[in-house]
Amino acid sequence: MISNQVLQNTIDGLKNIARIDFCVMDVDGKEIASTADMGGSARAAMEFAVSPADSQEIQGYQFFKVYDEQQLEYVLMAGGSGEDAYVVGKMAAFQIQSLLVAYKERFDKDNFFKNLLLDNLLLVDIYSRSKKLHIQTDVPRGVMVVEPGNGRDGNVLEIVRAHLNVNSKDFITAVDESNVIVIKELAETDSLKEIEKAAKSLRAFLQKEGIKDIRIAYGTVVKELKEVSRSYKEAKMAIDVGKIFFDEREIIAYSELGIGRLIYQLPIPLCKMFIHEIFGGKSPDDFDEETLGTIHKFFENSLNVSETSRQLFIHRNTLVYRLDKLQKSTGLDLRVFEDAITFKIVLMVVKYMKYMENVDF
């Protein structure tokens, strides 16, 4: 079904060209869009709707029927009588008919891609329906998930479509109220860099449109249409994992998540058990800010004592003293690679647990 606003814009444009007023009504005579007051025509429209004629002149107006696959959808009125009004009205009816076909095709494709993303299609359905909808099955694609900071505004979906529809091969949809999904078609020689470039361009465009705090994540490139849902799931995971471990990143790829994507899939009871085994009844949250700052800076500098002490503006021996003190309280020496890995994982697990406690399901 075409939106009332699209119908109004269409007949406004036609009036500007032809200088003839139009009115679009449903089969019950209810006005949907109009360029002028054509009151008193509801009964005539209803009688025309049940008549066998496809066009007719009634009370000085030209009436036309607009069908959607053999079913009457609209009654169009064109102001004036005579040949000119008839021809213009016929053209207007044809324009609305074409819009119905275009919107129906987009709706069918939208349903197809939504079900494809959510794994609601059998393999045989994917290939049969994609053939019917003229969608290629063997071209590379990647999925981007776009998440505005304050939840998805109703206009974001259309804004993204307006920006990306210059490339009709890309498809934009949504499966929930939070995110907009872009299924980007790529050339055989394209890689993840092409998706990264598109993500940066889209983010800049949305910011110009006044949409703030945008996060964009994307999955890996897939070669077959049937694998698009995998790229979507990867992008969805990248959005969530990015909030936990890469909160400073505005654009994140699934391939960049590292160990974070493994931790994200751990059950909370297992995480608590792991923390207890390492620290007993303690938690990294119990450390003071100075100790935590020292730990993070030590990791940032790849366990380099000299560089860490320089950046912290402290003597090397002071840093060594802090590390010795940490070793006594935890049993982990951050200067030893294996202990450093364990401690780093602990910090990430704690961060994941805190996020899961605060997340709003």
# chains A, B, ... in the order shown; residues from 1 in each chain; ligands from 1
>>> residues_around(residues="Ile239 of chain A", least_positions_apart="4", cutoff="9 Å", atoms="only C-alpha atoms", output="ChimeraX atom specification")
/A:145-147,215-218,234-235,243,251-254
>>> select_by_dssp(residues="segment 53-292 of chain A", states="strand (DSSP E or B)", output="ChimeraX atom specification")
/A:55-58,61-68,71-79,141-147,171-173,180-185,215-218,222,251-253
>>> closest_residue(among="A:Ala78, A:Lys90, A:Met46, A:Pro52", to="Lys15 of chain A", atoms="only C-alpha atoms")
A:Ala78
>>> atom_distance(atom1="atom CA of Asp110 of chain A", atom2="atom CA of Val180 of chain A")
12.5 Å
>>> residues_around(residues="Val336 of chain A", least_positions_apart="4", cutoff="12 Å", atoms="only C-alpha atoms", output="PDB file with all heavy atoms, in the first residue's frame")
ATOM      1  N   PHE A 299      49.515  -2.430  30.240  1.00  0.00           N
ATOM      2  CA  PHE A 299      49.022  -3.194  29.087  1.00  0.00           C
ATOM      3  C   PHE A 299      49.118  -2.376  27.802  1.00  0.00           C
ATOM      4  O   PHE A 299      49.459  -2.910  26.743  1.00  0.00           O
ATOM      5  CB  PHE A 299      47.584  -3.642  29.319  1.00  0.00           C
ATOM      6  CG  PHE A 299      47.444  -4.805  30.276  1.00  0.00           C
ATOM      7  CD1 PHE A 299      46.455  -4.824  31.242  1.00  0.00           C
ATOM      8  CD2 PHE A 299      48.306  -5.884  30.203  1.00  0.00           C
ATOM      9  CE1 PHE A 299      46.331  -5.890  32.118  1.00  0.00           C
ATOM     10  CE2 PHE A 299      48.192  -6.961  31.071  1.00  0.00           C
ATOM     11  CZ  PHE A 299      47.198  -6.965  32.041  1.00  0.00           C
ATOM     12  N   SER A 302      52.461  -2.674  26.190  1.00  0.00           N
ATOM     13  CA  SER A 302      52.925  -4.035  25.895  1.00  0.00           C
ATOM     14  C   SER A 302      53.895  -4.556  26.947  1.00  0.00           C
ATOM     15  O   SER A 302      54.940  -5.136  26.622  1.00  0.00           O
ATOM     16  CB  SER A 302      53.568  -4.088  24.502  1.00  0.00           C
ATOM     17  OG  SER A 302      52.670  -3.644  23.512  1.00  0.00           O
ATOM     18  N   LEU A 303      53.573  -4.313  28.219  1.00  0.00           N
ATOM     19  CA  LEU A 303      54.335  -4.818  29.373  1.00  0.00           C
ATOM     20  C   LEU A 303      55.750  -4.246  29.436  1.00  0.00           C
ATOM     21  O   LEU A 303      56.657  -4.849  30.029  1.00  0.00           O
ATOM     22  CB  LEU A 303      54.397  -6.350  29.353  1.00  0.00           C
ATOM     23  CG  LEU A 303      53.087  -7.108  29.079  1.00  0.00           C
ATOM     24  CD1 LEU A 303      53.299  -8.615  29.200  1.00  0.00           C
ATOM     25  CD2 LEU A 303      51.975  -6.647  30.008  1.00  0.00           C
ATOM     26  N   ASN A 304      55.942  -3.073  28.868  1.00  0.00           N
ATOM     27  CA  ASN A 304      57.252  -2.410  28.885  1.00  0.00           C
ATOM     28  C   ASN A 304      57.352  -1.538  30.138  1.00  0.00           C
ATOM     29  O   ASN A 304      56.659  -0.521  30.262  1.00  0.00           O
ATOM     30  CB  ASN A 304      57.424  -1.566  27.624  1.00  0.00           C
ATOM     31  CG  ASN A 304      58.811  -0.982  27.486  1.00  0.00           C
ATOM     32  OD1 ASN A 304      59.309  -0.329  28.391  1.00  0.00           O
ATOM     33  ND2 ASN A 304      59.438  -1.212  26.339  1.00  0.00           N
ATOM     34  N   VAL A 305      58.231  -1.929  31.067  1.00  0.00           N
ATOM     35  CA  VAL A 305      58.344  -1.232  32.356  1.00  0.00           C
ATOM     36  C   VAL A 305      58.865   0.189  32.170  1.00  0.00           C
ATOM     37  O   VAL A 305      58.322   1.146  32.747  1.00  0.00           O
ATOM     38  CB  VAL A 305      59.265  -2.022  33.313  1.00  0.00           C
ATOM     39  CG1 VAL A 305      59.512  -1.230  34.604  1.00  0.00           C
ATOM     40  CG2 VAL A 305      58.665  -3.378  33.642  1.00  0.00           C
ATOM     41  N   LEU A 323      53.938  -3.233  40.952  1.00  0.00           N
ATOM     42  CA  LEU A 323      53.716  -4.547  40.345  1.00  0.00           C
ATOM     43  C   LEU A 323      53.969  -5.669  41.352  1.00  0.00           C
ATOM     44  O   LEU A 323      53.263  -6.682  41.364  1.00  0.00           O
ATOM     45  CB  LEU A 323      54.608  -4.715  39.119  1.00  0.00           C
ATOM     46  CG  LEU A 323      54.317  -3.783  37.926  1.00  0.00           C
ATOM     47  CD1 LEU A 323      55.361  -3.967  36.832  1.00  0.00           C
ATOM     48  CD2 LEU A 323      52.922  -4.021  37.371  1.00  0.00           C
ATOM     49  N   ASP A 324      54.998  -5.489  42.201  1.00  0.00           N
ATOM     50  CA  ASP A 324      55.270  -6.484  43.254  1.00  0.00           C
ATOM     51  C   ASP A 324      54.109  -6.553  44.245  1.00  0.00           C
ATOM     52  O   ASP A 324      53.697  -7.650  44.670  1.00  0.00           O
ATOM     53  CB  ASP A 324      56.554  -6.127  43.998  1.00  0.00           C
ATOM     54  CG  ASP A 324      57.800  -6.397  43.158  1.00  0.00           C
ATOM     55  OD1 ASP A 324      57.697  -7.179  42.197  1.00  0.00           O
ATOM     56  OD2 ASP A 324      58.863  -5.810  43.465  1.00  0.00           O
ATOM     57  N   GLN A 327      51.287  -8.394  42.700  1.00  0.00           N
ATOM     58  CA  GLN A 327      51.565  -9.826  42.656  1.00  0.00           C
ATOM     59  C   GLN A 327      51.271 -10.493  44.000  1.00  0.00           C
ATOM     60  O   GLN A 327      50.718 -11.599  44.067  1.00  0.00           O
ATOM     61  CB  GLN A 327      53.022 -10.066  42.267  1.00  0.00           C
ATOM     62  CG  GLN A 327      53.385 -11.548  42.166  1.00  0.00           C
ATOM     63  CD  GLN A 327      54.856 -11.761  41.873  1.00  0.00           C
ATOM     64  OE1 GLN A 327      55.632 -10.795  41.796  1.00  0.00           O
ATOM     65  NE2 GLN A 327      55.255 -13.004  41.699  1.00  0.00           N
ATOM     66  N   GLY A 331      48.592 -12.922  43.267  1.00  0.00           N
ATOM     67  CA  GLY A 331      49.331 -14.104  42.821  1.00  0.00           C
ATOM     68  C   GLY A 331      49.705 -14.049  41.360  1.00  0.00           C
ATOM     69  O   GLY A 331      50.237 -15.012  40.815  1.00  0.00           O
ATOM     70  N   LEU A 332      49.448 -12.916  40.692  1.00  0.00           N
ATOM     71  CA  LEU A 332      49.750 -12.763  39.267  1.00  0.00           C
ATOM     72  C   LEU A 332      50.819 -11.695  39.071  1.00  0.00           C
ATOM     73  O   LEU A 332      50.679 -10.567  39.552  1.00  0.00           O
ATOM     74  CB  LEU A 332      48.489 -12.371  38.479  1.00  0.00           C
ATOM     75  CG  LEU A 332      47.345 -13.398  38.472  1.00  0.00           C
ATOM     76  CD1 LEU A 332      46.112 -12.796  37.817  1.00  0.00           C
ATOM     77  CD2 LEU A 332      47.756 -14.683  37.772  1.00  0.00           C
ATOM     78  N   ALA A 340      50.025 -12.046  32.652  1.00  0.00           N
ATOM     79  CA  ALA A 340      49.455 -10.824  32.064  1.00  0.00           C
ATOM     80  C   ALA A 340      48.219 -11.157  31.227  1.00  0.00           C
ATOM     81  O   ALA A 340      47.208 -10.446  31.278  1.00  0.00           O
ATOM     82  CB  ALA A 340      50.505 -10.120  31.212  1.00  0.00           C
ATOM     83  N   ILE A 341      48.283 -12.252  30.460  1.00  0.00           N
ATOM     84  CA  ILE A 341      47.132 -12.672  29.663  1.00  0.00           C
ATOM     85  C   ILE A 341      45.952 -12.989  30.575  1.00  0.00           C
ATOM     86  O   ILE A 341      44.818 -12.571  30.320  1.00  0.00           O
ATOM     87  CB  ILE A 341      47.493 -13.903  28.800  1.00  0.00           C
ATOM     88  CG1 ILE A 341      48.454 -13.503  27.682  1.00  0.00           C
ATOM     89  CG2 ILE A 341      46.235 -14.524  28.207  1.00  0.00           C
ATOM     90  CD1 ILE A 341      48.917 -14.664  26.844  1.00  0.00           C
ATOM     91  N   THR A 342      46.225 -13.747  31.644  1.00  0.00           N
ATOM     92  CA  THR A 342      45.152 -14.100  32.585  1.00  0.00           C
ATOM     93  C   THR A 342      44.505 -12.854  33.169  1.00  0.00           C
ATOM     94  O   THR A 342      43.279 -12.753  33.236  1.00  0.00           O
ATOM     95  CB  THR A 342      45.715 -14.981  33.724  1.00  0.00           C
ATOM     96  OG1 THR A 342      46.281 -16.167  33.168  1.00  0.00           O
ATOM     97  CG2 THR A 342      44.617 -15.359  34.708  1.00  0.00           C
ATOM     98  N   PHE A 343      45.343 -11.902  33.582  1.00  0.00           N
ATOM     99  CA  PHE A 343      44.817 -10.684  34.195  1.00  0.00           C
ATOM    100  C   PHE A 343      44.000  -9.873  33.189  1.00  0.00           C
ATOM    101  O   PHE A 343      42.944  -9.335  33.507  1.00  0.00           O
ATOM    102  CB  PHE A 343      45.962  -9.824  34.744  1.00  0.00           C
ATOM    103  CG  PHE A 343      45.561  -8.937  35.878  1.00  0.00           C
ATOM    104  CD1 PHE A 343      45.879  -9.260  37.182  1.00  0.00           C
ATOM    105  CD2 PHE A 343      44.837  -7.766  35.646  1.00  0.00           C
ATOM    106  CE1 PHE A 343      45.494  -8.444  38.236  1.00  0.00           C
ATOM    107  CE2 PHE A 343      44.452  -6.948  36.689  1.00  0.00           C
ATOM    108  CZ  PHE A 343      44.778  -7.298  37.989  1.00  0.00           C
TER     109      PHE A 343
END
